[in-house]
>>> print(open('work.csv').read())   # CSV, C-alpha atoms
chain,number,residue,atom,x,y,z
A,1,PRO,CA,0.0,0.0,0.0
A,2,PHE,CA,2.8,2.4,0.8
A,3,ALA,CA,4.5,1.8,-2.5
A,4,MET,CA,1.3,2.4,-4.4
A,5,TRP,CA,0.8,5.6,-2.5
A,6,GLN,CA,4.4,6.7,-3.2
A,7,ALA,CA,3.9,6.0,-6.9
A,8,PHE,CA,0.7,8.0,-6.9
A,9,VAL,CA,2.4,11.0,-5.2
A,10,ASP,CA,5.3,10.8,-7.7
A,11,ARG,CA,2.9,10.9,-10.6
A,12,ARG,CA,1.0,13.9,-9.2
A,13,ARG,CA,4.3,15.7,-8.6
A,14,GLN,CA,5.4,15.1,-12.2
A,15,LYS,CA,2.1,16.3,-13.5
A,16,ASN,CA,2.2,19.4,-11.4
A,17,GLN,CA,5.8,20.1,-12.5
A,18,GLY,CA,4.7,19.7,-16.1
A,19,THR,CA,1.7,22.1,-15.6
A,20,GLU,CA,3.9,24.6,-13.8
A,21,TYR,CA,6.5,24.4,-16.6
A,22,LYS,CA,3.8,25.0,-19.2
A,23,THR,CA,2.4,27.9,-17.2
A,24,ASN,CA,5.8,29.5,-17.0
A,25,GLN,CA,6.3,29.1,-20.8
A,26,GLU,CA,3.0,30.9,-21.4
A,27,GLU,CA,3.9,33.7,-19.0
A,28,ASP,CA,7.3,34.1,-20.7
A,29,LYS,CA,5.5,34.3,-24.0
A,30,LYS,CA,3.1,36.9,-22.8
A,31,SER,CA,5.9,38.9,-21.2
A,32,ARG,CA,7.9,38.9,-24.5
A,33,HIS,CA,4.8,40.0,-26.4
A,34,ARG,CA,4.2,42.9,-23.9
A,35,LYS,CA,7.8,44.1,-24.4
A,36,LYS,CA,7.4,44.0,-28.2
A,37,MET,CA,4.3,46.0,-27.9
A,38,LYS,CA,6.0,48.6,-25.8
A,39,LYS,CA,8.7,49.0,-28.5
A,40,ALA,CA,6.1,49.1,-31.4
A,41,MET,CA,5.5,52.4,-33.1
A,42,PHE,CA,1.9,53.6,-33.3
A,43,VAL,CA,0.9,55.9,-36.1
A,44,ASP,CA,-2.0,58.4,-36.0
A,45,VAL,CA,-4.6,57.7,-38.6
A,46,ARG,CA,-4.3,61.3,-39.9
A,47,LYS,CA,-0.6,60.7,-40.7
A,48,LEU,CA,-1.4,57.3,-42.3
A,49,SER,CA,-4.0,58.8,-44.6
A,50,LYS,CA,-1.3,61.0,-46.1
A,51,VAL,CA,0.7,57.9,-47.2
A,52,LYS,CA,0.6,57.5,-51.0
A,53,PRO,CA,-0.9,54.2,-52.4
A,54,GLU,CA,2.4,53.2,-54.1
A,55,ALA,CA,4.1,53.3,-50.8
A,56,LEU,CA,1.8,50.5,-49.6
A,57,SER,CA,2.3,48.5,-52.9
A,58,LEU,CA,-1.3,49.2,-53.9
A,59,GLN,CA,-0.1,50.8,-57.1
A,60,ASP,CA,2.9,50.4,-59.4
A,61,ALA,CA,4.9,53.5,-58.5
A,62,ALA,CA,7.1,53.3,-61.5
A,63,ASN,CA,4.6,52.8,-64.3
A,64,LYS,CA,1.4,53.7,-62.4
A,65,GLN,CA,-0.3,50.6,-63.7
A,66,LYS,CA,-3.7,49.8,-62.2
A,67,ILE,CA,-6.4,47.2,-62.3
A,68,SER,CA,-9.9,48.7,-62.3
A,69,VAL,CA,-12.8,47.0,-60.6
A,70,ILE,CA,-16.4,47.9,-61.8
A,71,PHE,CA,-19.3,46.6,-59.7
A,72,ALA,CA,-22.4,45.6,-61.6
A,73,THR,CA,-24.9,44.7,-58.8
A,74,GLY,CA,-28.7,44.5,-58.9
A,75,ASN,CA,-31.4,44.4,-61.6
A,76,ILE,CA,-30.5,45.5,-65.1
A,77,LEU,CA,-32.5,48.5,-66.3
A,78,ASN,CA,-32.3,50.8,-69.3
A,79,GLN,CA,-32.5,53.9,-67.1
A,80,ARG,CA,-32.6,54.8,-63.4
A,81,PRO,CA,-36.2,55.1,-62.1
A,82,LYS,CA,-37.3,58.7,-61.2
A,83,PHE,CA,-37.9,57.8,-57.6
A,84,SER,CA,-34.9,55.5,-57.1
A,85,SER,CA,-33.4,55.3,-53.7
A,86,GLY,CA,-29.9,55.3,-55.4
A,87,GLN,CA,-29.0,51.8,-54.1
A,88,GLY,CA,-28.7,48.8,-56.3
A,89,GLY,CA,-29.4,48.4,-60.0
A,90,ILE,CA,-27.3,48.4,-63.1
A,91,TYR,CA,-28.3,51.2,-65.4
A,92,THR,CA,-27.3,51.4,-69.1
A,93,GLU,CA,-25.9,54.9,-69.2
A,94,GLU,CA,-24.1,54.7,-65.9
A,95,LEU,CA,-22.3,51.4,-66.6
A,96,ARG,CA,-21.5,52.5,-70.2
A,97,ALA,CA,-19.9,55.7,-68.8
A,98,ALA,CA,-17.8,53.7,-66.3
A,99,LEU,CA,-16.6,51.3,-69.1
A,100,GLU,CA,-15.7,54.2,-71.3
A,101,LYS,CA,-13.8,55.9,-68.5
A,102,VAL,CA,-11.5,52.9,-67.9
A,103,ARG,CA,-11.2,52.4,-71.6
A,104,MET,CA,-9.7,55.8,-72.0
A,105,ASP,CA,-7.5,55.7,-68.9
A,106,ARG,CA,-4.1,54.6,-70.0
A,107,THR,CA,-3.0,53.8,-66.5
A,108,VAL,CA,-5.6,51.0,-66.3
A,109,LYS,CA,-4.1,47.9,-67.8
A,110,SER,CA,-6.9,45.5,-67.1
A,111,VAL,CA,-10.5,45.6,-65.8
A,112,VAL,CA,-12.5,43.3,-63.5
A,113,ILE,CA,-16.3,43.5,-63.7
A,114,ARG,CA,-17.8,42.1,-60.5
A,115,ILE,CA,-21.3,40.8,-61.5
A,116,ASP,CA,-24.0,40.1,-59.0
A,117,SER,CA,-27.3,40.3,-60.9
A,118,PRO,CA,-30.3,38.2,-61.7
A,119,GLY,CA,-30.8,40.0,-65.0
A,120,GLY,CA,-33.3,42.4,-66.3
A,121,ASP,CA,-33.9,44.4,-69.5
A,122,ALA,CA,-32.8,42.6,-72.7
A,123,LEU,CA,-32.0,45.7,-74.6
A,124,ALA,CA,-30.0,47.3,-71.8
A,125,SER,CA,-28.0,44.0,-71.4
A,126,ASP,CA,-27.2,44.0,-75.1
A,127,LEU,CA,-26.0,47.6,-75.1
A,128,MET,CA,-23.7,46.9,-72.2
A,129,TRP,CA,-22.4,43.8,-73.8
A,130,HIS,CA,-21.4,45.8,-76.9
A,131,ASP,CA,-19.5,48.3,-74.7
A,132,ILE,CA,-17.7,45.5,-72.9
A,133,GLN,CA,-16.7,44.1,-76.3
A,134,ARG,CA,-15.4,47.5,-77.2
A,135,LEU,CA,-13.4,47.7,-74.0
A,136,ARG,CA,-11.8,44.3,-74.5
A,137,GLU,CA,-10.4,45.4,-77.8
A,138,VAL,CA,-8.1,47.7,-75.8
A,139,LYS,CA,-7.4,45.8,-72.6
A,140,PRO,CA,-8.2,42.5,-70.9
A,141,VAL,CA,-11.6,42.3,-69.2
A,142,VAL,CA,-12.4,39.6,-66.6
A,143,ALA,CA,-15.9,38.8,-65.3
A,144,SER,CA,-16.0,37.9,-61.6
A,145,MET,CA,-19.3,36.4,-60.7
A,146,GLY,CA,-20.8,36.8,-57.2
A,147,SER,CA,-23.8,34.9,-55.8
A,148,VAL,CA,-25.8,35.2,-59.0
A,149,ALA,CA,-25.1,36.0,-62.6
A,150,ALA,CA,-28.2,34.8,-64.4
A,151,SER,CA,-30.0,36.0,-67.6
A,152,GLY,CA,-28.8,39.5,-68.2
A,153,GLY,CA,-26.0,39.1,-65.6
A,154,TYR,CA,-24.7,36.2,-67.6
A,155,TYR,CA,-25.2,38.2,-70.8
A,156,LEU,CA,-22.7,40.8,-69.5
A,157,ALA,CA,-20.2,38.2,-68.5
A,158,MET,CA,-20.2,36.7,-72.0
A,159,GLY,CA,-18.7,40.0,-73.3
A,160,CYS,CA,-15.5,39.5,-71.2
A,161,ASN,CA,-12.3,37.7,-72.1
A,162,SER,CA,-12.5,35.4,-69.1
A,163,ILE,CA,-15.2,34.4,-66.6
A,164,ILE,CA,-14.4,33.4,-63.0
A,165,ALA,CA,-17.3,32.0,-60.9
A,166,GLU,CA,-17.5,31.0,-57.2
A,167,PRO,CA,-18.4,27.4,-56.4
A,168,LEU,CA,-22.0,28.4,-55.4
A,169,THR,CA,-22.6,31.0,-58.0
A,170,ILE,CA,-26.1,30.7,-59.7
A,171,MET,CA,-25.4,31.3,-63.3
A,172,GLY,CA,-26.8,30.7,-66.8
A,173,SER,CA,-30.5,31.1,-67.6
A,174,ILE,CA,-30.2,31.8,-71.3
A,175,GLY,CA,-33.8,32.9,-72.1
A,176,VAL,CA,-35.9,36.0,-72.7
A,177,VAL,CA,-39.4,36.6,-71.3
A,178,GLY,CA,-41.7,39.4,-72.5
A,179,GLY,CA,-45.3,40.5,-72.3
A,180,LYS,CA,-47.5,43.0,-70.5
A,181,PHE,CA,-50.1,43.3,-67.7
A,182,ASN,CA,-53.7,43.5,-68.6
A,183,PHE,CA,-55.7,45.2,-65.8
A,184,ALA,CA,-59.0,45.5,-67.8
A,185,ARG,CA,-61.1,43.4,-65.3
A,186,LEU,CA,-59.5,45.1,-62.3
A,187,TYR,CA,-60.3,48.6,-63.6
A,188,GLU,CA,-63.9,47.4,-64.4
A,189,ARG,CA,-64.4,46.2,-60.8
A,190,LEU,CA,-63.0,49.5,-59.4
A,191,GLY,CA,-65.2,51.5,-61.7
A,192,LEU,CA,-62.2,53.1,-63.5
A,193,SER,CA,-61.9,53.8,-67.2
A,194,LYS,CA,-58.9,54.8,-69.3
A,195,GLN,CA,-58.7,56.5,-72.6
A,196,SER,CA,-55.6,57.4,-74.7
A,197,ILE,CA,-54.9,59.5,-77.7
A,198,SER,CA,-52.2,58.1,-79.9
A,199,ARG,CA,-50.8,58.1,-83.4
A,200,GLY,CA,-49.4,55.1,-85.1
A,201,LYS,CA,-50.5,51.5,-85.7
A,202,PHE,CA,-48.7,50.0,-82.7
A,203,ALA,CA,-48.6,53.1,-80.4
A,204,GLU,CA,-51.0,51.5,-77.9
A,205,ALA,CA,-49.5,48.0,-78.0
A,206,MET,CA,-48.3,48.3,-74.4
A,207,VAL,CA,-51.4,49.9,-72.8
A,208,ASP,CA,-52.5,48.1,-69.6
A,209,TYR,CA,-56.3,48.3,-70.1
A,210,ARG,CA,-56.6,45.6,-72.8
A,211,GLY,CA,-54.7,42.6,-74.2
A,212,TYR,CA,-52.7,42.4,-77.4
A,213,THR,CA,-54.4,42.5,-80.8
A,214,GLN,CA,-53.5,39.7,-83.2
A,215,GLU,CA,-51.0,41.9,-85.0
A,216,GLU,CA,-49.5,43.2,-81.7
A,217,ASP,CA,-49.1,39.7,-80.4
A,218,ALA,CA,-47.3,38.6,-83.5
A,219,LEU,CA,-45.0,41.7,-83.2
A,220,ALA,CA,-44.2,41.0,-79.5
A,221,THR,CA,-43.5,37.4,-80.2
A,222,GLU,CA,-41.1,38.2,-83.0
A,223,ASP,CA,-39.3,40.7,-80.8
A,224,ILE,CA,-38.9,38.2,-78.0
A,225,GLU,CA,-37.6,35.5,-80.4
A,226,ASN,CA,-35.1,37.9,-82.0
A,227,SER,CA,-33.8,38.8,-78.5
A,228,TYR,CA,-33.5,35.1,-77.6
A,229,ARG,CA,-31.6,34.3,-80.8
A,230,ALA,CA,-29.1,37.1,-80.2
A,231,PHE,CA,-28.6,35.8,-76.6
A,232,ARG,CA,-28.3,32.2,-77.7
A,233,ASP,CA,-25.8,32.9,-80.5
A,234,LYS,CA,-23.6,35.0,-78.2
A,235,ALA,CA,-23.6,32.1,-75.7
A,236,ALA,CA,-22.7,29.6,-78.3
A,237,ALA,CA,-19.9,31.7,-80.0
>>> encode(input="work.csv", output="C-alpha coordinates")
Amino acid sequence: PFAMWQAFVDRRRQKNQGTEYKTNQEEDKKSRHRKKMKKAMFVDVRKLSKVKPEALSLQDAANKQKISVIFATGNILNQRPKFSSGQGGIYTEELRAALEKVRMDRTVKSVVIRIDSPGGDALASDLMWHDIQRLREVKPVVASMGSVAASGGYYLAMGCNSIIAEPLTIMGSIGVVGGKFNFARLYERLGLSKQSISRGKFAEAMVDYRGYTQEEDALATEDIENSYRAFRDKAAA
(Lines of atoms letter the chains of each structure in order from A and count residues from 1; the text may use other names and numbers.)
(Lines give C-alpha, C1' and ligand atoms only; values in the text may rest on other atoms or scores of the structure.)
Protein backbone atom coordinates (compact mmCIF):
# COMPACT_ATOMS: atom_id res chain seq x y z
CA PRO A 1 0.00 0.00 0.00
CA PHE A 2 2.82 2.43 0.85
CA ALA A 3 4.54 1.75 -2.50
CA MET A 4 1.30 2.37 -4.38
CA TRP A 5 0.79 5.63 -2.46
CA GLN A 6 4.37 6.70 -3.19
CA ALA A 7 3.87 6.00 -6.92
CA PHE A 8 0.67 8.04 -6.90
CA VAL A 9 2.42 10.98 -5.20
CA ASP A 10 5.29 10.82 -7.70
CA ARG A 11 2.88 10.90 -10.64
CA ARG A 12 1.00 13.88 -9.21
CA ARG A 13 4.30 15.67 -8.57
CA GLN A 14 5.43 15.09 -12.17
CA LYS A 15 2.07 16.29 -13.51
CA ASN A 16 2.21 19.43 -11.37
CA GLN A 17 5.76 20.13 -12.47
CA GLY A 18 4.68 19.75 -16.11
CA THR A 19 1.74 22.09 -15.57
CA GLU A 20 3.95 24.58 -13.80
CA TYR A 21 6.51 24.40 -16.63
CA LYS A 22 3.79 24.96 -19.22
CA THR A 23 2.39 27.90 -17.23
CA ASN A 24 5.83 29.46 -16.98
CA GLN A 25 6.28 29.12 -20.75
CA GLU A 26 2.97 30.89 -21.39
CA GLU A 27 3.87 33.67 -18.96
CA ASP A 28 7.25 34.14 -20.65
CA LYS A 29 5.54 34.31 -24.05
CA LYS A 30 3.08 36.94 -22.80
CA SER A 31 5.91 38.91 -21.23
CA ARG A 32 7.89 38.93 -24.48
CA HIS A 33 4.78 40.04 -26.37
CA ARG A 34 4.23 42.93 -23.94
CA LYS A 35 7.82 44.06 -24.39
CA LYS A 36 7.45 43.99 -28.16
CA MET A 37 4.26 46.03 -27.95
CA LYS A 38 6.03 48.64 -25.84
CA LYS A 39 8.68 48.97 -28.54
CA ALA A 40 6.13 49.07 -31.38
CA MET A 41 5.49 52.39 -33.07
CA PHE A 42 1.90 53.59 -33.30
CA VAL A 43 0.90 55.94 -36.13
CA ASP A 44 -1.96 58.39 -35.99
CA VAL A 45 -4.64 57.72 -38.61
CA ARG A 46 -4.30 61.28 -39.93
CA LYS A 47 -0.64 60.65 -40.74
CA LEU A 48 -1.45 57.26 -42.25
CA SER A 49 -4.04 58.82 -44.59
CA LYS A 50 -1.29 60.97 -46.13
CA VAL A 51 0.69 57.91 -47.24
CA LYS A 52 0.59 57.46 -51.01
CA PRO A 53 -0.90 54.20 -52.39
CA GLU A 54 2.36 53.24 -54.13
CA ALA A 55 4.15 53.27 -50.76
CA LEU A 56 1.83 50.45 -49.63
CA SER A 57 2.33 48.54 -52.90
CA LEU A 58 -1.28 49.21 -53.91
CA GLN A 59 -0.11 50.76 -57.14
CA ASP A 60 2.93 50.39 -59.38
CA ALA A 61 4.87 53.55 -58.50
CA ALA A 62 7.15 53.33 -61.54
CA ASN A 63 4.59 52.81 -64.30
CA LYS A 64 1.41 53.71 -62.37
CA GLN A 65 -0.34 50.63 -63.73
CA LYS A 66 -3.71 49.84 -62.20
CA ILE A 67 -6.42 47.19 -62.29
CA SER A 68 -9.87 48.74 -62.30
CA VAL A 69 -12.83 47.00 -60.64
CA ILE A 70 -16.36 47.86 -61.79
CA PHE A 71 -19.28 46.61 -59.69
CA ALA A 72 -22.43 45.57 -61.57
CA THR A 73 -24.95 44.75 -58.84
CA GLY A 74 -28.72 44.45 -58.95
CA ASN A 75 -31.39 44.36 -61.65
CA ILE A 76 -30.48 45.55 -65.13
CA LEU A 77 -32.54 48.52 -66.30
CA ASN A 78 -32.33 50.81 -69.28
CA GLN A 79 -32.47 53.90 -67.08
CA ARG A 80 -32.65 54.79 -63.40
CA PRO A 81 -36.24 55.14 -62.11
CA LYS A 82 -37.30 58.69 -61.23
CA PHE A 83 -37.92 57.82 -57.58
CA SER A 84 -34.94 55.49 -57.14
CA SER A 85 -33.35 55.34 -53.70
CA GLY A 86 -29.93 55.27 -55.38
CA GLN A 87 -29.03 51.81 -54.07
CA GLY A 88 -28.68 48.76 -56.30
CA GLY A 89 -29.40 48.42 -59.97
CA ILE A 90 -27.34 48.37 -63.15
CA TYR A 91 -28.31 51.22 -65.45
CA THR A 92 -27.29 51.44 -69.10
CA GLU A 93 -25.85 54.95 -69.24
CA GLU A 94 -24.08 54.67 -65.87
CA LEU A 95 -22.33 51.39 -66.64
CA ARG A 96 -21.47 52.47 -70.18
CA ALA A 97 -19.93 55.68 -68.79
CA ALA A 98 -17.82 53.66 -66.32
CA LEU A 99 -16.64 51.33 -69.09
CA GLU A 100 -15.71 54.24 -71.33
CA LYS A 101 -13.81 55.93 -68.50
CA VAL A 102 -11.54 52.92 -67.87
CA ARG A 103 -11.17 52.37 -71.62
CA MET A 104 -9.70 55.84 -72.04
CA ASP A 105 -7.54 55.66 -68.90
CA ARG A 106 -4.05 54.62 -70.02
CA THR A 107 -2.97 53.79 -66.47
CA VAL A 108 -5.63 51.04 -66.27
CA LYS A 109 -4.08 47.91 -67.75
CA SER A 110 -6.94 45.48 -67.11
CA VAL A 111 -10.52 45.55 -65.84
CA VAL A 112 -12.51 43.28 -63.52
CA ILE A 113 -16.31 43.48 -63.71
CA ARG A 114 -17.83 42.12 -60.50
CA ILE A 115 -21.28 40.85 -61.49
CA ASP A 116 -24.02 40.05 -58.98
CA SER A 117 -27.26 40.29 -60.93
CA PRO A 118 -30.33 38.17 -61.70
CA GLY A 119 -30.76 39.97 -65.03
CA GLY A 120 -33.31 42.43 -66.32
CA ASP A 121 -33.91 44.42 -69.49
CA ALA A 122 -32.79 42.60 -72.65
CA LEU A 123 -31.97 45.74 -74.65
CA ALA A 124 -29.98 47.26 -71.78
CA SER A 125 -28.01 44.02 -71.41
CA ASP A 126 -27.19 43.99 -75.11
CA LEU A 127 -26.04 47.62 -75.13
CA MET A 128 -23.73 46.95 -72.16
CA TRP A 129 -22.43 43.78 -73.84
CA HIS A 130 -21.39 45.82 -76.90
CA ASP A 131 -19.53 48.33 -74.69
CA ILE A 132 -17.71 45.51 -72.89
CA GLN A 133 -16.71 44.12 -76.29
CA ARG A 134 -15.38 47.55 -77.24
CA LEU A 135 -13.38 47.71 -74.00
CA ARG A 136 -11.81 44.27 -74.45
CA GLU A 137 -10.38 45.37 -77.80
CA VAL A 138 -8.09 47.70 -75.84
CA LYS A 139 -7.37 45.83 -72.58
CA PRO A 140 -8.22 42.48 -70.91
CA VAL A 141 -11.61 42.27 -69.19
CA VAL A 142 -12.43 39.60 -66.59
CA ALA A 143 -15.91 38.81 -65.30
CA SER A 144 -15.99 37.93 -61.61
CA MET A 145 -19.34 36.38 -60.68
CA GLY A 146 -20.81 36.84 -57.22
CA SER A 147 -23.76 34.95 -55.76
CA VAL A 148 -25.81 35.17 -58.96
CA ALA A 149 -25.09 35.97 -62.61
CA ALA A 150 -28.21 34.84 -64.42
CA SER A 151 -29.95 35.95 -67.60
CA GLY A 152 -28.78 39.54 -68.21
CA GLY A 153 -26.02 39.11 -65.62
CA TYR A 154 -24.68 36.18 -67.62
CA TYR A 155 -25.15 38.25 -70.80
CA LEU A 156 -22.68 40.84 -69.45
CA ALA A 157 -20.17 38.15 -68.50
CA MET A 158 -20.20 36.74 -72.03
CA GLY A 159 -18.67 39.95 -73.31
CA CYS A 160 -15.51 39.53 -71.20
CA ASN A 161 -12.27 37.74 -72.08
CA SER A 162 -12.53 35.39 -69.10
CA ILE A 163 -15.17 34.37 -66.57
CA ILE A 164 -14.43 33.44 -62.96
CA ALA A 165 -17.30 32.03 -60.87
CA GLU A 166 -17.54 31.01 -57.23
CA PRO A 167 -18.44 27.39 -56.35
CA LEU A 168 -22.00 28.36 -55.38
CA THR A 169 -22.64 31.01 -58.04
CA ILE A 170 -26.06 30.69 -59.67
CA MET A 171 -25.39 31.31 -63.34
CA GLY A 172 -26.84 30.67 -66.77
CA SER A 173 -30.52 31.07 -67.62
CA ILE A 174 -30.23 31.78 -71.35
CA GLY A 175 -33.76 32.93 -72.06
CA VAL A 176 -35.94 35.95 -72.74
CA VAL A 177 -39.38 36.63 -71.27
CA GLY A 178 -41.71 39.36 -72.47
CA GLY A 179 -45.32 40.51 -72.31
CA LYS A 180 -47.47 43.03 -70.49
CA PHE A 181 -50.06 43.29 -67.72
CA ASN A 182 -53.74 43.49 -68.61
CA PHE A 183 -55.71 45.19 -65.82
CA ALA A 184 -58.99 45.53 -67.75
CA ARG A 185 -61.08 43.44 -65.32
CA LEU A 186 -59.50 45.12 -62.28
CA TYR A 187 -60.30 48.59 -63.63
CA GLU A 188 -63.86 47.42 -64.35
CA ARG A 189 -64.36 46.23 -60.78
CA LEU A 190 -63.00 49.50 -59.43
CA GLY A 191 -65.20 51.52 -61.74
CA LEU A 192 -62.25 53.08 -63.52
CA SER A 193 -61.91 53.76 -67.21
CA LYS A 194 -58.93 54.77 -69.31
CA GLN A 195 -58.69 56.51 -72.63
CA SER A 196 -55.64 57.39 -74.69
CA ILE A 197 -54.90 59.53 -77.72
CA SER A 198 -52.23 58.06 -79.91
CA ARG A 199 -50.77 58.14 -83.39
CA GLY A 200 -49.38 55.10 -85.14
CA LYS A 201 -50.50 51.53 -85.67
CA PHE A 202 -48.71 50.03 -82.67
CA ALA A 203 -48.60 53.10 -80.41
CA GLU A 204 -51.02 51.53 -77.91
CA ALA A 205 -49.52 48.04 -77.98
CA MET A 206 -48.34 48.29 -74.37
CA VAL A 207 -51.40 49.90 -72.76
CA ASP A 208 -52.53 48.08 -69.63
CA TYR A 209 -56.32 48.25 -70.09
CA ARG A 210 -56.58 45.63 -72.83
CA GLY A 211 -54.73 42.63 -74.23
CA TYR A 212 -52.73 42.43 -77.43
CA THR A 213 -54.44 42.51 -80.78
CA GLN A 214 -53.49 39.70 -83.16
CA GLU A 215 -50.97 41.90 -84.95
CA GLU A 216 -49.51 43.25 -81.71
CA ASP A 217 -49.14 39.71 -80.36
CA ALA A 218 -47.27 38.63 -83.50
CA LEU A 219 -44.97 41.66 -83.24
CA ALA A 220 -44.24 41.05 -79.54
CA THR A 221 -43.51 37.36 -80.21
CA GLU A 222 -41.13 38.25 -83.04
CA ASP A 223 -39.31 40.74 -80.82
CA ILE A 224 -38.88 38.17 -78.03
CA GLU A 225 -37.62 35.51 -80.45
CA ASN A 226 -35.10 37.94 -81.99
CA SER A 227 -33.77 38.79 -78.51
CA TYR A 228 -33.52 35.11 -77.64
CA ARG A 229 -31.63 34.25 -80.84
CA ALA A 230 -29.15 37.06 -80.19
CA PHE A 231 -28.63 35.79 -76.62
CA ARG A 232 -28.29 32.18 -77.74
CA ASP A 233 -25.82 32.92 -80.54
CA LYS A 234 -23.57 34.98 -78.23
CA ALA A 235 -23.56 32.15 -75.67
CA ALA A 236 -22.68 29.60 -78.35
CA ALA A 237 -19.92 31.68 -79.95
>>> atom_distance(input="work.csv", atom1="CA of Glu166 (chain A)", atom2="CA of Ala150 (chain A)")
13.4 Å
>>> atom_distance(input="work.csv", atom1="CA of Leu135 (chain A)", atom2="CA of Cys160 (chain A)")
8.9 Å
>>> closest_residue(input="work.csv", among="A:Leu99, A:Met145, A:Ala235, A:Leu219", to="Gln133 (chain A)", atoms="all atoms listed in the file")
A:Leu99
>>> atom_distance(input="work.csv", atom1="CA of Asp126 (chain A)", atom2="CA of Tyr154 (chain A)")
11.1 Å
>>> closest_residue(input="work.csv", among="A:Asn182, A:Thr73, A:Ser162, A:Asn226", to="Gly146 (chain A)", atoms="all atoms listed in the file")
A:Thr73
>>> residues_around(input="work.csv", residues="Ser68 (chain A)", least_positions_apart="5", cutoff="10 Å", atoms="all atoms listed in the file", output="number ranges by chain")
A: 99, 102, 105, 107-113, 141
>>> residues_around(input="work.csv", residues="Ala165 (chain A)", least_positions_apart="2", cutoff="9 Å", atoms="all atoms listed in the file", output="list in words")
Ala143, Ser144, Met145, Gly146, Ser147, Ala149, Ile163, Pro167, Leu168, Thr169, Ile170 and Met171 of chain A
>>> closest_residue(input="work.csv", among="A:Leu123, A:Met104, A:Leu156, A:Ile76", to="Val138 (chain A)", atoms="all atoms listed in the file")
A:Met104
>>> closest_residue(input="work.csv", among="A:Lys101, A:Lys180, A:Arg114, A:Arg210", to="Ile70 (chain A)", atoms="only C-alpha atoms")
A:Arg114
